[in-house]
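Data block for input13.cif (mmCIF, C-alpha atoms):
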data_upload
#
loop_
_atom_site.label_atom_id
_atom_site.label_comp_id
_atom_site.auth_asym_id
_atom_site.auth_seq_id
_atom_site.Cartn_x
_atom_site.Cartn_y
_atom_site.Cartn_z
CA MET F 1 74.45 84.60 84.73
CA PRO F 2 74.66 81.27 86.61
CA ARG F 3 78.17 80.48 87.79
CA SER F 4 78.30 77.26 85.80
CA ALA F 5 77.66 79.22 82.60
CA ARG F 6 80.51 81.70 83.03
CA THR F 7 83.57 81.49 80.82
CA HIS F 8 86.25 81.75 83.52
CA ASP F 9 86.60 80.35 87.01
CA ILE F 10 89.17 83.01 87.92
CA VAL F 11 90.35 86.26 86.34
CA LEU F 12 93.63 87.72 87.54
CA PHE F 13 93.07 91.48 87.31
CA GLY F 14 96.37 93.35 87.37
CA ALA F 15 98.47 90.58 85.87
CA THR F 16 101.12 93.10 84.78
CA SER F 17 101.66 94.53 88.29
CA PHE F 18 104.70 93.39 90.21
CA VAL F 19 102.87 90.84 92.36
CA GLY F 20 100.57 90.08 89.41
CA GLN F 21 103.51 88.81 87.39
CA ILE F 22 104.59 86.54 90.24
CA LEU F 23 101.00 85.36 90.62
CA THR F 24 100.70 84.67 86.88
CA GLN F 25 103.70 82.35 87.05
CA TYR F 26 102.28 80.66 90.13
CA MET F 27 98.93 80.08 88.40
CA VAL F 28 100.71 78.48 85.44
CA ASP F 29 102.75 76.25 87.74
CA ARG F 30 99.81 75.38 89.98
CA HIS F 31 96.93 75.05 87.50
CA GLY F 32 98.47 74.94 84.04
CA ASN F 33 96.79 76.46 81.01
CA ASP F 34 93.95 74.01 80.46
CA GLY F 35 93.50 72.26 83.80
CA ASP F 36 90.53 72.07 86.13
CA VAL F 37 90.70 75.83 86.82
CA ALA F 38 89.81 77.96 83.79
CA TRP F 39 91.63 81.22 84.46
CA ALA F 40 92.40 84.37 82.52
CA MET F 41 94.63 87.43 82.76
CA ALA F 42 93.36 91.00 82.76
CA GLY F 43 94.98 94.42 82.64
CA ARG F 44 94.82 97.77 80.90
CA ASN F 45 97.69 97.27 78.44
CA ALA F 46 97.42 94.56 75.78
CA SER F 47 101.10 94.51 74.89
CA LYS F 48 102.22 94.24 78.53
CA LEU F 49 99.70 91.46 79.11
CA ALA F 50 101.14 89.59 76.15
CA GLU F 51 104.68 90.10 77.43
CA VAL F 52 103.83 88.78 80.91
CA ALA F 53 101.95 85.83 79.39
CA ASP F 54 104.93 84.94 77.17
CA ASP F 55 107.38 85.17 80.07
CA ALA F 56 105.23 82.90 82.26
CA GLY F 57 104.13 80.51 79.53
CA ALA F 58 100.50 81.45 80.18
CA ALA F 59 98.43 80.36 77.18
CA VAL F 60 95.18 81.65 78.66
CA ASP F 61 92.60 84.28 77.71
CA ARG F 62 93.65 87.91 78.07
CA ILE F 63 91.17 90.68 78.87
CA VAL F 64 92.04 94.32 78.28
CA VAL F 65 90.17 96.57 80.73
CA ASP F 66 91.02 99.63 82.80
CA ALA F 67 90.32 99.99 86.53
CA ASP F 68 88.37 103.18 85.77
CA ASP F 69 86.16 101.56 83.09
CA ALA F 70 82.98 100.65 84.98
CA ALA F 71 81.28 99.16 81.92
CA GLY F 72 84.35 97.09 81.02
CA LEU F 73 84.68 95.82 84.58
CA ALA F 74 81.01 94.86 84.63
CA GLU F 75 81.48 92.93 81.38
CA MET F 76 84.52 91.14 82.80
CA CYS F 77 82.62 90.23 85.97
CA ALA F 78 79.68 88.92 83.94
CA HIS F 79 81.87 86.15 82.53
CA THR F 80 83.86 84.98 85.55
CA ASN F 81 83.16 83.39 88.92
CA LEU F 82 85.99 85.08 90.83
CA VAL F 83 88.32 88.04 90.45
CA ILE F 84 91.76 88.31 92.04
CA SER F 85 92.80 91.97 92.13
CA THR F 86 96.39 93.16 92.54
CA VAL F 87 95.70 96.70 91.31
CA GLY F 88 96.57 99.24 93.99
CA PRO F 89 96.57 101.61 95.68
CA TYR F 90 93.05 100.26 96.06
CA ALA F 91 91.69 103.56 97.34
CA LEU F 92 92.63 105.02 93.94
CA TYR F 93 91.98 102.10 91.60
CA GLY F 94 89.90 99.47 93.40
CA SER F 95 86.44 100.87 94.12
CA LYS F 96 84.79 100.42 90.73
CA LEU F 97 85.85 96.79 90.58
CA VAL F 98 84.38 96.06 94.03
CA ALA F 99 81.15 97.72 92.92
CA ALA F 100 81.07 95.55 89.79
CA VAL F 101 81.75 92.39 91.81
CA ALA F 102 79.00 93.21 94.32
CA GLU F 103 76.53 93.81 91.49
CA ALA F 104 77.50 90.66 89.58
CA GLY F 105 77.25 88.41 92.62
CA ILE F 106 80.66 86.78 92.17
CA ASP F 107 83.71 86.17 94.37
CA TYR F 108 86.66 88.52 94.94
CA VAL F 109 89.99 88.52 96.78
CA ASP F 110 92.71 91.17 96.96
CA LEU F 111 95.83 92.05 98.94
CA THR F 112 94.95 95.52 100.20
CA GLY F 113 96.31 96.84 103.45
CA GLU F 114 94.27 100.07 103.39
CA PRO F 115 91.79 100.06 106.33
CA GLN F 116 90.13 103.35 105.41
CA TRP F 117 89.27 102.02 101.95
CA MET F 118 88.09 98.65 103.26
CA GLN F 119 85.71 100.39 105.65
CA ARG F 120 84.28 102.44 102.78
CA MET F 121 83.74 99.35 100.65
CA ILE F 122 82.12 97.40 103.50
CA ASP F 123 79.76 100.22 104.40
CA ARG F 124 78.89 100.98 100.78
CA TYR F 125 78.46 97.53 99.25
CA HIS F 126 77.95 94.91 101.97
CA GLU F 127 74.16 94.91 101.76
CA ARG F 128 74.24 94.61 97.97
CA ALA F 129 76.75 91.76 98.20
CA VAL F 130 74.44 89.93 100.59
CA GLU F 131 71.57 90.37 98.11
CA THR F 132 73.50 89.16 95.07
CA GLY F 133 75.61 86.50 96.80
CA ALA F 134 78.93 88.22 96.09
CA ARG F 135 81.63 87.05 98.48
CA ILE F 136 84.33 89.67 98.97
CA VAL F 137 87.49 89.02 100.99
CA HIS F 138 90.05 91.79 101.41
CA SER F 139 93.62 91.45 102.71
CA CYS F 140 94.48 88.01 101.34
CA GLY F 141 98.25 88.52 101.24
CA PHE F 142 100.86 88.93 103.97
CA ASP F 143 98.39 91.62 104.98
CA SER F 144 96.61 89.93 106.74
CA VAL F 145 96.49 86.16 106.25
CA PRO F 146 99.32 85.04 108.59
CA SER F 147 97.84 87.21 111.36
CA ASP F 148 94.17 86.33 110.83
CA MET F 149 94.77 82.63 110.22
CA GLY F 150 97.41 82.51 112.98
CA VAL F 151 94.84 83.73 115.51
CA TRP F 152 92.27 81.30 114.07
CA PHE F 153 94.74 78.42 114.41
CA LEU F 154 95.79 79.36 117.95
CA GLN F 155 92.17 79.66 119.10
CA ARG F 156 91.35 76.29 117.55
CA GLU F 157 94.26 74.69 119.36
CA ALA F 158 93.39 76.40 122.66
CA GLN F 159 89.83 75.12 122.45
CA GLU F 160 91.06 71.58 121.81
CA ARG F 161 93.62 71.64 124.64
CA PHE F 162 91.91 73.74 127.30
CA GLY F 163 88.23 73.77 126.32
CA ALA F 164 88.36 77.55 126.23
CA PRO F 165 89.62 80.26 123.85
CA CYS F 166 92.44 82.65 124.49
CA SER F 167 91.13 85.90 125.93
CA SER F 168 94.39 87.62 125.00
CA ILE F 169 96.84 87.04 122.15
CA SER F 170 100.09 88.78 121.26
CA MET F 171 101.69 88.32 117.84
CA ALA F 172 105.29 89.28 117.26
CA VAL F 173 107.55 88.99 114.23
CA LYS F 174 110.48 86.89 115.42
CA ALA F 175 112.34 87.12 112.11
CA ALA F 176 111.68 88.19 108.54
CA LYS F 177 113.61 88.94 105.38
CA GLY F 178 112.27 90.62 102.26
CA GLY F 179 112.14 93.86 100.32
CA ALA F 180 109.36 96.38 99.77
CA SER F 181 107.86 97.13 96.37
CA GLY F 182 106.73 100.37 94.82
CA GLY F 183 103.10 99.29 95.09
CA THR F 184 103.29 99.02 98.86
CA VAL F 185 105.01 102.37 99.15
CA ALA F 186 102.43 103.98 96.85
CA SER F 187 99.58 102.65 99.01
CA MET F 188 101.16 104.05 102.18
CA MET F 189 101.80 107.44 100.60
CA ASN F 190 98.26 107.61 99.23
CA MET F 191 96.88 106.85 102.69
CA MET F 192 98.87 109.79 104.05
CA ASP F 193 97.49 111.99 101.27
CA GLU F 194 93.94 110.93 102.12
CA VAL F 195 94.42 111.75 105.78
CA SER F 196 95.85 115.16 104.88
CA ALA F 197 92.80 115.89 102.73
CA ASP F 198 90.31 114.48 105.25
CA PRO F 199 91.55 114.64 108.86
CA SER F 200 88.47 112.69 110.02
CA LEU F 201 90.17 109.59 108.62
CA ARG F 202 92.59 109.76 111.54
CA ASP F 203 89.76 108.46 113.72
CA VAL F 204 89.21 105.53 111.35
CA LEU F 205 92.89 104.63 111.24
CA ALA F 206 93.21 104.96 115.03
CA ASN F 207 90.21 102.72 115.80
CA PRO F 208 91.16 99.03 116.16
CA TYR F 209 87.49 98.16 115.55
CA ALA F 210 87.20 100.22 112.34
CA LEU F 211 86.41 97.16 110.19
CA ALA F 212 84.02 95.47 112.62
CA VAL F 213 80.34 95.08 111.82
CA PRO F 214 78.59 98.50 111.99
CA GLY F 215 77.31 98.99 115.52
CA ASP F 216 80.20 96.93 116.86
CA ARG F 217 83.01 99.40 116.25
CA GLN F 218 84.04 100.01 119.82
CA GLY F 219 85.35 97.86 122.61
CA PRO F 220 88.00 97.51 125.29
CA ASP F 221 91.30 99.33 124.88
CA GLN F 222 93.78 97.34 122.81
CA PRO F 223 97.56 97.04 123.10
CA ASN F 224 99.39 99.33 120.72
CA VAL F 225 103.15 99.05 120.79
CA THR F 226 104.66 102.43 119.93
CA LEU F 227 107.50 102.35 122.47
CA PRO F 228 109.71 99.48 123.64
CA VAL F 229 107.92 97.05 125.94
CA HIS F 230 108.85 93.64 127.32
CA ASP F 231 106.55 90.67 126.66
CA ASP F 232 107.08 88.02 129.33
CA GLY F 233 105.12 85.39 127.41
CA LEU F 234 107.32 85.79 124.34
CA GLU F 235 110.43 86.44 126.46
CA SER F 236 111.46 89.37 124.30
CA TRP F 237 111.46 93.12 124.02
CA LEU F 238 108.98 94.41 121.46
CA ALA F 239 109.10 97.29 118.97
CA PRO F 240 106.37 98.64 116.65
CA PHE F 241 105.35 96.58 113.62
CA VAL F 242 104.30 98.66 110.61
CA MET F 243 101.57 96.25 109.45
CA ALA F 244 99.86 96.01 112.85
CA ALA F 245 97.51 98.86 111.97
CA THR F 246 95.93 96.72 109.24
CA ASN F 247 96.28 93.22 110.64
CA THR F 248 94.73 93.95 114.03
CA ARG F 249 91.66 95.49 112.40
CA VAL F 250 91.15 92.41 110.24
CA VAL F 251 91.41 90.16 113.32
CA PHE F 252 88.82 92.24 115.16
CA ARG F 253 86.51 92.08 112.14
CA THR F 254 86.85 88.30 112.29
CA HIS F 255 85.92 88.37 115.98
CA SER F 256 82.97 90.65 115.22
CA LEU F 257 81.67 88.52 112.33
CA LEU F 258 81.90 85.38 114.48
CA GLY F 259 79.85 87.00 117.25
CA HIS F 260 82.64 87.48 119.84
CA PRO F 261 83.43 83.80 120.58
CA TRP F 262 86.72 84.78 122.27
CA GLY F 263 85.00 86.97 124.83
CA ALA F 264 83.83 90.56 125.11
CA ASP F 265 87.22 91.56 126.56
CA PHE F 266 89.39 89.83 123.94
CA THR F 267 92.64 91.70 123.27
CA TYR F 268 95.10 91.35 120.42
CA GLY F 269 98.24 93.23 119.50
CA GLU F 270 101.18 92.96 117.11
CA ALA F 271 104.82 93.98 117.34
CA MET F 272 108.36 92.97 116.39
CA MET F 273 110.60 90.89 118.64
CA THR F 274 114.06 92.35 119.21
CA GLY F 275 115.40 89.85 121.73
CA ASP F 276 115.72 89.66 125.50
CA GLY F 277 118.05 91.46 127.89
CA TRP F 278 119.78 94.79 127.45
CA SER F 279 120.64 94.19 123.78
CA GLY F 280 117.00 93.42 122.99
CA ARG F 281 115.92 96.58 124.76
CA ALA F 282 118.47 98.65 122.84
CA LYS F 283 117.28 97.23 119.52
CA ALA F 284 113.66 97.91 120.46
CA MET F 285 114.53 101.52 121.24
CA ALA F 286 116.33 101.92 117.91
CA VAL F 287 113.49 100.39 115.89
CA SER F 288 110.90 102.48 117.73
CA ALA F 289 112.83 105.68 117.08
CA ALA F 290 113.32 104.85 113.39
CA MET F 291 109.65 104.02 112.95
CA ALA F 292 108.53 107.22 114.65
CA SER F 293 110.88 109.29 112.50
CA MET F 294 109.73 107.66 109.27
CA MET F 295 106.03 108.00 110.01
CA GLY F 296 106.45 111.52 111.27
CA ALA F 297 108.28 112.59 108.13
CA ALA F 298 105.79 110.89 105.82
CA SER F 299 102.87 112.65 107.52
CA PHE F 300 103.91 116.00 106.01
CA GLY F 301 103.07 116.60 102.36
CA PRO F 302 106.22 118.57 101.45
CA VAL F 303 108.42 115.88 103.01
CA ARG F 304 106.50 113.14 101.16
CA SER F 305 107.26 114.97 97.93
CA LEU F 306 110.96 115.05 98.77
CA MET F 307 110.91 111.35 99.70
CA ALA F 308 109.17 110.24 96.48
CA PRO F 309 112.26 110.20 94.20
CA LEU F 310 114.11 108.06 96.75
CA LEU F 311 111.44 105.36 96.96
CA PRO F 312 110.73 102.49 94.52
CA ASP F 313 108.14 103.14 91.83
CA PRO F 314 105.01 100.99 91.43
CA GLY F 315 105.94 97.88 89.47
CA GLU F 316 109.30 97.58 91.19
CA GLY F 317 110.18 95.07 93.87
CA PRO F 318 112.63 92.40 95.04
CA SER F 319 114.35 90.17 92.48
CA PRO F 320 113.36 86.49 92.12
CA GLU F 321 116.53 85.58 94.01
CA LYS F 322 115.62 87.88 96.90
CA GLN F 323 112.07 86.54 96.91
CA GLU F 324 113.34 82.98 97.28
CA ALA F 325 115.85 84.01 99.95
CA GLY F 326 113.12 85.74 101.94
CA PHE F 327 111.12 84.24 104.79
CA TYR F 328 109.16 85.13 107.93
CA ASP F 329 108.58 83.63 111.37
CA LEU F 330 105.66 84.95 113.43
CA ARG F 331 104.97 83.94 117.02
CA PHE F 332 101.53 83.98 118.66
CA HIS F 333 101.26 83.78 122.45
CA GLY F 334 97.80 83.32 123.92
CA THR F 335 96.41 83.19 127.43
CA THR F 336 92.97 81.91 128.43
CA ALA F 337 90.81 83.53 131.08
CA GLY F 338 91.78 80.62 133.34
CA GLY F 339 95.48 81.31 132.94
CA ASP F 340 96.44 78.54 130.50
CA GLU F 341 99.08 79.60 127.95
CA ILE F 342 99.82 78.47 124.41
CA THR F 343 102.30 79.62 121.77
CA ALA F 344 102.28 78.95 118.03
CA ALA F 345 104.57 79.75 115.10
CA VAL F 346 103.45 80.69 111.60
CA THR F 347 106.22 80.70 109.00
CA GLY F 348 106.52 81.39 105.28
CA ASP F 349 109.21 80.27 102.83
CA ARG F 350 109.42 83.37 100.60
CA ASP F 351 109.74 87.11 101.14
CA PRO F 352 106.55 88.17 102.91
CA GLY F 353 105.30 90.95 100.66
CA TYR F 354 105.61 89.34 97.24
CA GLY F 355 106.85 85.77 96.87
CA SER F 356 104.70 84.52 99.74
CA THR F 357 101.84 86.94 99.15
CA ALA F 358 101.33 85.73 95.56
CA LYS F 359 100.99 82.11 96.70
CA ILE F 360 98.70 83.04 99.58
CA LEU F 361 96.46 85.08 97.28
CA ALA F 362 96.11 82.27 94.74
CA GLU F 363 95.23 79.73 97.43
CA ALA F 364 92.68 82.16 98.92
CA ALA F 365 90.96 82.32 95.54
CA THR F 366 90.69 78.57 95.00
CA THR F 367 89.68 77.97 98.63
CA LEU F 368 86.97 80.63 98.39
CA ALA F 369 85.58 78.93 95.28
CA ASP F 370 84.82 75.85 97.42
CA SER F 371 83.67 77.76 100.51
CA ASP F 372 80.08 77.61 101.75
CA ALA F 373 80.21 81.26 102.90
CA GLU F 374 77.21 83.34 101.89
CA GLY F 375 77.25 86.75 100.22
CA GLY F 376 78.91 89.65 101.98
CA PHE F 377 82.28 91.03 103.04
CA TRP F 378 84.34 88.47 104.93
CA THR F 379 87.83 88.05 106.34
CA PRO F 380 90.21 85.24 105.36
CA ALA F 381 89.43 83.31 108.56
CA THR F 382 85.64 83.66 108.41
CA ALA F 383 85.33 82.85 104.70
CA LEU F 384 88.00 80.19 104.38
CA GLY F 385 88.67 78.63 107.79
CA ASP F 386 90.50 75.34 108.28
CA PRO F 387 90.56 74.37 104.56
CA PHE F 388 92.62 77.50 103.92
CA ILE F 389 95.24 76.46 106.48
CA ASP F 390 95.44 73.07 104.75
CA ALA F 391 95.91 74.74 101.34
CA LEU F 392 98.55 77.16 102.65
CA VAL F 393 100.56 74.33 104.18
CA GLU F 394 100.23 72.02 101.16
CA HIS F 395 100.80 74.53 98.38
CA ALA F 396 101.96 77.96 99.62
CA GLY F 397 104.96 77.16 101.80
CA LEU F 398 103.43 78.17 105.15
CA THR F 399 103.57 76.25 108.40
CA PHE F 400 101.29 76.43 111.46
CA ASP F 401 102.70 74.75 114.57
CA VAL F 402 102.15 74.85 118.30
CA THR F 403 105.55 75.42 119.87
#

Would it be possible to restate this file's structure as structure tokens?
Amino acid sequence: MPRSARTHDIVLFGATSFVGQILTQYMVDRHGNDGDVAWAMAGRNASKLAEVADDAGAAVDRIVVDADDAAGLAEMCAHTNLVISTVGPYALYGSKLVAAVAEAGIDYVDLTGEPQWMQRMIDRYHERAVETGARIVHSCGFDSVPSDMGVWFLQREAQERFGAPCSSISMAVKAAKGGASGGTVASMMNMMDEVSADPSLRDVLANPYALAVPGDRQGPDQPNVTLPVHDDGLESWLAPFVMAATNTRVVFRTHSLLGHPWGADFTYGEAMMTGDGWSGRAKAMAVSAAMASMMGAASFGPVRSLMAPLLPDPGEGPSPEKQEAGFYDLRFHGTTAGGDEITAAVTGDRDPGYGSTAKILAEAATTLADSDAEGGFWTPATALGDPFIDALVEHAGLTFDVT
């Protein structure tokens, strides 16, 4: 069906999920019920859809369809131009929708942070997406937009100032405040279950180039902060950052899709800043030890079972007050091959995982609708580029500044 003949511009699939409810309210506030963007809500439970719609004041179409219903998903995709999916863990509930999108030749964005699943989807459906014109962009939330677009922004600024890209970039979380939701925890636990069932996935999760174009999934060794280390450029001790395992892989896919414009030896790593001096070192040691203990415990099935009752359930997350009180401040320090240095800050005005993620995801969808990208699996930077930065700054509460 031609795009102009489809009923909906955007369908929000998973409107009753925790982030889906936040996103529903944002869509009402941003686009209204009968504005230029014709959008609809979708989920598996009609009564919950109605409840979320009433709470948000969303007088839009509602579509009842289950993530496991291939025929229903195909019917939904036949009548929309773009699907936003918040239904995770994606490795459990996302594959049939990606297949339907690739077959229908429409657009798709999600907020997954599951590299092993993204690699499966890319390898399985990229060629079909190219044939049909489907444009699929994973990781359009806090995973991994601030990282991917932060690197894009820093490289753009380096080119303008120095006439050369940064051959090395370090990103570190200077400050952040926000709570985790049950959906995020469920995705992490499911990833551990997958690795337990298929140990070969350890190689995928350990490879920083796992999401690069096939044939381009190896390269120079990359920084991987697992123990305290001092970064002279950022003037701080660093500790491990839990989202680095996803964000770095998205950045290297961007580099791969662009044809290595930042050099064959480009390096990129992520961590958390804990401050300078002895106190910063002590904090880095404490964070590193806590992270190692948590990941070590979660890697054992019996321990995961004991942890489950203590963790938030899917659908749970920070309150609206905590979302508004949340924020993040990421710092990117780059160095060119000639030795020039540049630092940038990317900030967000809500808690990273939910309040900010919902706004980022919505702006990714509307920016993708106007993108000239062709069919295939893209990253936020390669599909959306500079217009996305403009939309994030104007509407989503982010800032991008050279410091």

Handout entry: Output check: residues returned by the PyMOL selection byres ((chain F and resi 154) around 8), as a list of chain:residue names
Key = F:Gly150, F:Val151, F:Trp152, F:Phe153, F:Gln155, F:Arg156, F:Glu157, F:Ala158, F:Phe332, F:Gly334, F:Ile342, F:Thr343, F:Ala344, F:Val402

Practice task
For Gln21 (chain F), please output as a ChimeraX atom specification all residues within 12 Å (counting only C-alpha atoms; exclusion window: fewer than 4 positions along the same chain).
Solution key: /F:12-17,25-28,41-43,48-58,86-87,315-317,320,354-355,358-359

Problem - Test item: the PyMOL selection byres ((chain F and resi 266) around 8) resolved as JSON, numbers by chain - result: {"F": [166, 167, 168, 220, 262, 263, 264, 265, 267, 268]}

Practice task
Output the residue selection produced by the PyMOL selection byres ((chain F and resi 90-94) around 12) on the file above, formatted as a PyMOL selection string.
Solution key: chain F and resi 13-14+44+66-70+73+83-89+95-101+108-121+138-139+183-184+186-194

Exercise for the section: Tell me, as a PyMOL selection string, which residues lie within 9 Å of Leu234 (chain F), counting all atoms listed in the file; anything in the same chain fewer than 3 positions away does not count. Expected result: chain F and resi 170-172+230-231+237+273+331-333+343

Atoms to include: C-alpha atoms. Write the selected residues as a PDB file, in the frame of the given file.
ATOM      1  CA  SER F 170     100.090  88.780 121.260  1.00  0.00           C
ATOM      2  CA  MET F 171     101.690  88.320 117.840  1.00  0.00           C
ATOM      3  CA  ALA F 172     105.290  89.280 117.260  1.00  0.00           C
ATOM      4  CA  HIS F 230     108.850  93.640 127.320  1.00  0.00           C
ATOM      5  CA  ASP F 231     106.550  90.670 126.660  1.00  0.00           C
ATOM      6  CA  TRP F 237     111.460  93.120 124.020  1.00  0.00           C
ATOM      7  CA  MET F 273     110.600  90.890 118.640  1.00  0.00           C
ATOM      8  CA  ARG F 331     104.970  83.940 117.020  1.00  0.00           C
ATOM      9  CA  PHE F 332     101.530  83.980 118.660  1.00  0.00           C
ATOM     10  CA  HIS F 333     101.260  83.780 122.450  1.00  0.00           C
ATOM     11  CA  THR F 343     102.300  79.620 121.770  1.00  0.00           C
TER      12      THR F 343
END

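Computed from the coordinates, the CA of Ala206 (chain F) to CA of Thr246 (chain F) distance equals 10.4 Å.
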
Practice task
Could you give me, as a PyMOL selection string, the residues that have an atom at most 6 Å away from the point (104.4, 98.3, 120.9) in the coordinates of the file, using all atoms listed in the file?
Solution key: chain F and resi 224-227+239-240+271

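The space separating CA of Ala244 (chain F) from CA of Lys283 (chain F) comes to 18.7 Å.
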
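Atom pair CA of Ser47 (chain F) / CA of Asp61 (chain F) has a distance of 13.6 Å (rounded to one decimal).
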
Problem - Spatial neighbours of Val145 (chain F), max dist 8 Å, only C-alpha atoms, sep filter under 4 positions, as a VMD selection string - result: chain F and resid 139 to 141 149 to 150 360 380 to 381

Listed atoms of region 381-397 of chain F, axis-aligned box, 3 Å per side: centre and edge lengths to one decimal in Å, as lines of an AutoDock Vina configuration file?
center_x = 95.1
center_y = 77.8
center_z = 103.5
size_x = 25.6
size_y = 17.6
size_z = 16.2

Exercise for the section: Find the spatial neighbours of region 251-257 of chain F, counting all atoms listed in the file, within a cut-off of 8 Å - ignore same-chain residues fewer than 3 positions away - and output them as a VMD selection string. Expected result: chain F and resid 147 to 148 151 208 to 209 211 to 213 216 247 to 248 260 to 262 378 to 379 381 to 382

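Here the question is which of F:Glu374, F:Val204, F:Val65, F:Val346 gets nearest to Thr132 (chain F) using all atoms listed in the file, and that residue is F:Glu374.
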
Exercise for the section: Quick one: everything within 9 Å of Ala325 (chain F), counting all atoms listed in the file, minus sequence neighbours fewer than 5 positions away in the same chain. Send it as a PyMOL selection string. Expected result: chain F and resi 177-178+320+349-351

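Remark: for Glu75 (chain F), the closest of the candidate residues F:Gly375, F:Ser319, F:Thr7, F:Ala282 is F:Thr7 (distances computed over all atoms listed in the file).
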
Handout entry: Nearest residue to Ser356 (chain F) from the set F:Leu258, F:Ala284, F:Asn81, F:Ala176 (distances using all atoms listed in the file)
Key = F:Ala176

As a PDB file, keeping the file's coordinate frame, the rebuilt region 233-249 of chain F with N, CA and C atoms:
ATOM      1  N   GLY F 233     105.542  86.630 128.043  1.00  0.00           N
ATOM      2  CA  GLY F 233     105.120  85.390 127.410  1.00  0.00           C
ATOM      3  C   GLY F 233     106.007  85.018 126.235  1.00  0.00           C
ATOM      4  N   LEU F 234     106.438  86.026 125.476  1.00  0.00           N
ATOM      5  CA  LEU F 234     107.320  85.790 124.340  1.00  0.00           C
ATOM      6  C   LEU F 234     108.792  85.889 124.721  1.00  0.00           C
ATOM      7  N   GLU F 235     109.059  86.311 125.956  1.00  0.00           N
ATOM      8  CA  GLU F 235     110.430  86.440 126.460  1.00  0.00           C
ATOM      9  C   GLU F 235     111.283  87.301 125.538  1.00  0.00           C
ATOM     10  N   SER F 236     110.748  88.471 125.220  1.00  0.00           N
ATOM     11  CA  SER F 236     111.460  89.370 124.300  1.00  0.00           C
ATOM     12  C   SER F 236     110.974  90.790 124.491  1.00  0.00           C
ATOM     13  N   TRP F 237     111.873  91.728 124.172  1.00  0.00           N
ATOM     14  CA  TRP F 237     111.460  93.120 124.020  1.00  0.00           C
ATOM     15  C   TRP F 237     110.740  93.266 122.688  1.00  0.00           C
ATOM     16  N   LEU F 238     109.789  94.187 122.650  1.00  0.00           N
ATOM     17  CA  LEU F 238     108.980  94.410 121.460  1.00  0.00           C
ATOM     18  C   LEU F 238     109.145  95.841 120.959  1.00  0.00           C
ATOM     19  N   ALA F 239     109.081  95.985 119.634  1.00  0.00           N
ATOM     20  CA  ALA F 239     109.100  97.290 118.970  1.00  0.00           C
ATOM     21  C   ALA F 239     107.910  97.351 118.023  1.00  0.00           C
ATOM     22  N   PRO F 240     107.543  98.532 117.524  1.00  0.00           N
ATOM     23  CA  PRO F 240     106.370  98.640 116.650  1.00  0.00           C
ATOM     24  C   PRO F 240     106.529  97.832 115.359  1.00  0.00           C
ATOM     25  N   PHE F 241     105.406  97.321 114.870  1.00  0.00           N
ATOM     26  CA  PHE F 241     105.350  96.580 113.620  1.00  0.00           C
ATOM     27  C   PHE F 241     104.455  97.358 112.660  1.00  0.00           C
ATOM     28  N   VAL F 242     104.983  97.725 111.505  1.00  0.00           N
ATOM     29  CA  VAL F 242     104.300  98.660 110.610  1.00  0.00           C
ATOM     30  C   VAL F 242     102.973  98.124 110.109  1.00  0.00           C
ATOM     31  N   MET F 243     102.802  96.814 109.990  1.00  0.00           N
ATOM     32  CA  MET F 243     101.570  96.250 109.450  1.00  0.00           C
ATOM     33  C   MET F 243     100.501  95.997 110.507  1.00  0.00           C
ATOM     34  N   ALA F 244     100.821  96.261 111.775  1.00  0.00           N
ATOM     35  CA  ALA F 244      99.860  96.010 112.850  1.00  0.00           C
ATOM     36  C   ALA F 244      98.574  96.802 112.658  1.00  0.00           C
ATOM     37  N   ALA F 245      98.679  98.006 112.121  1.00  0.00           N
ATOM     38  CA  ALA F 245      97.510  98.860 111.970  1.00  0.00           C
ATOM     39  C   ALA F 245      96.461  98.258 111.047  1.00  0.00           C
ATOM     40  N   THR F 246      96.878  97.426 110.107  1.00  0.00           N
ATOM     41  CA  THR F 246      95.930  96.720 109.240  1.00  0.00           C
ATOM     42  C   THR F 246      95.552  95.371 109.823  1.00  0.00           C
ATOM     43  N   ASN F 247      96.543  94.597 110.215  1.00  0.00           N
ATOM     44  CA  ASN F 247      96.280  93.220 110.640  1.00  0.00           C
ATOM     45  C   ASN F 247      95.357  93.139 111.850  1.00  0.00           C
ATOM     46  N   THR F 248      95.569  94.003 112.839  1.00  0.00           N
ATOM     47  CA  THR F 248      94.730  93.950 114.030  1.00  0.00           C
ATOM     48  C   THR F 248      93.276  94.240 113.696  1.00  0.00           C
ATOM     49  N   ARG F 249      93.041  95.140 112.770  1.00  0.00           N
ATOM     50  CA  ARG F 249      91.660  95.490 112.400  1.00  0.00           C
ATOM     51  C   ARG F 249      90.963  94.330 111.689  1.00  0.00           C
TER      52      ARG F 249
END
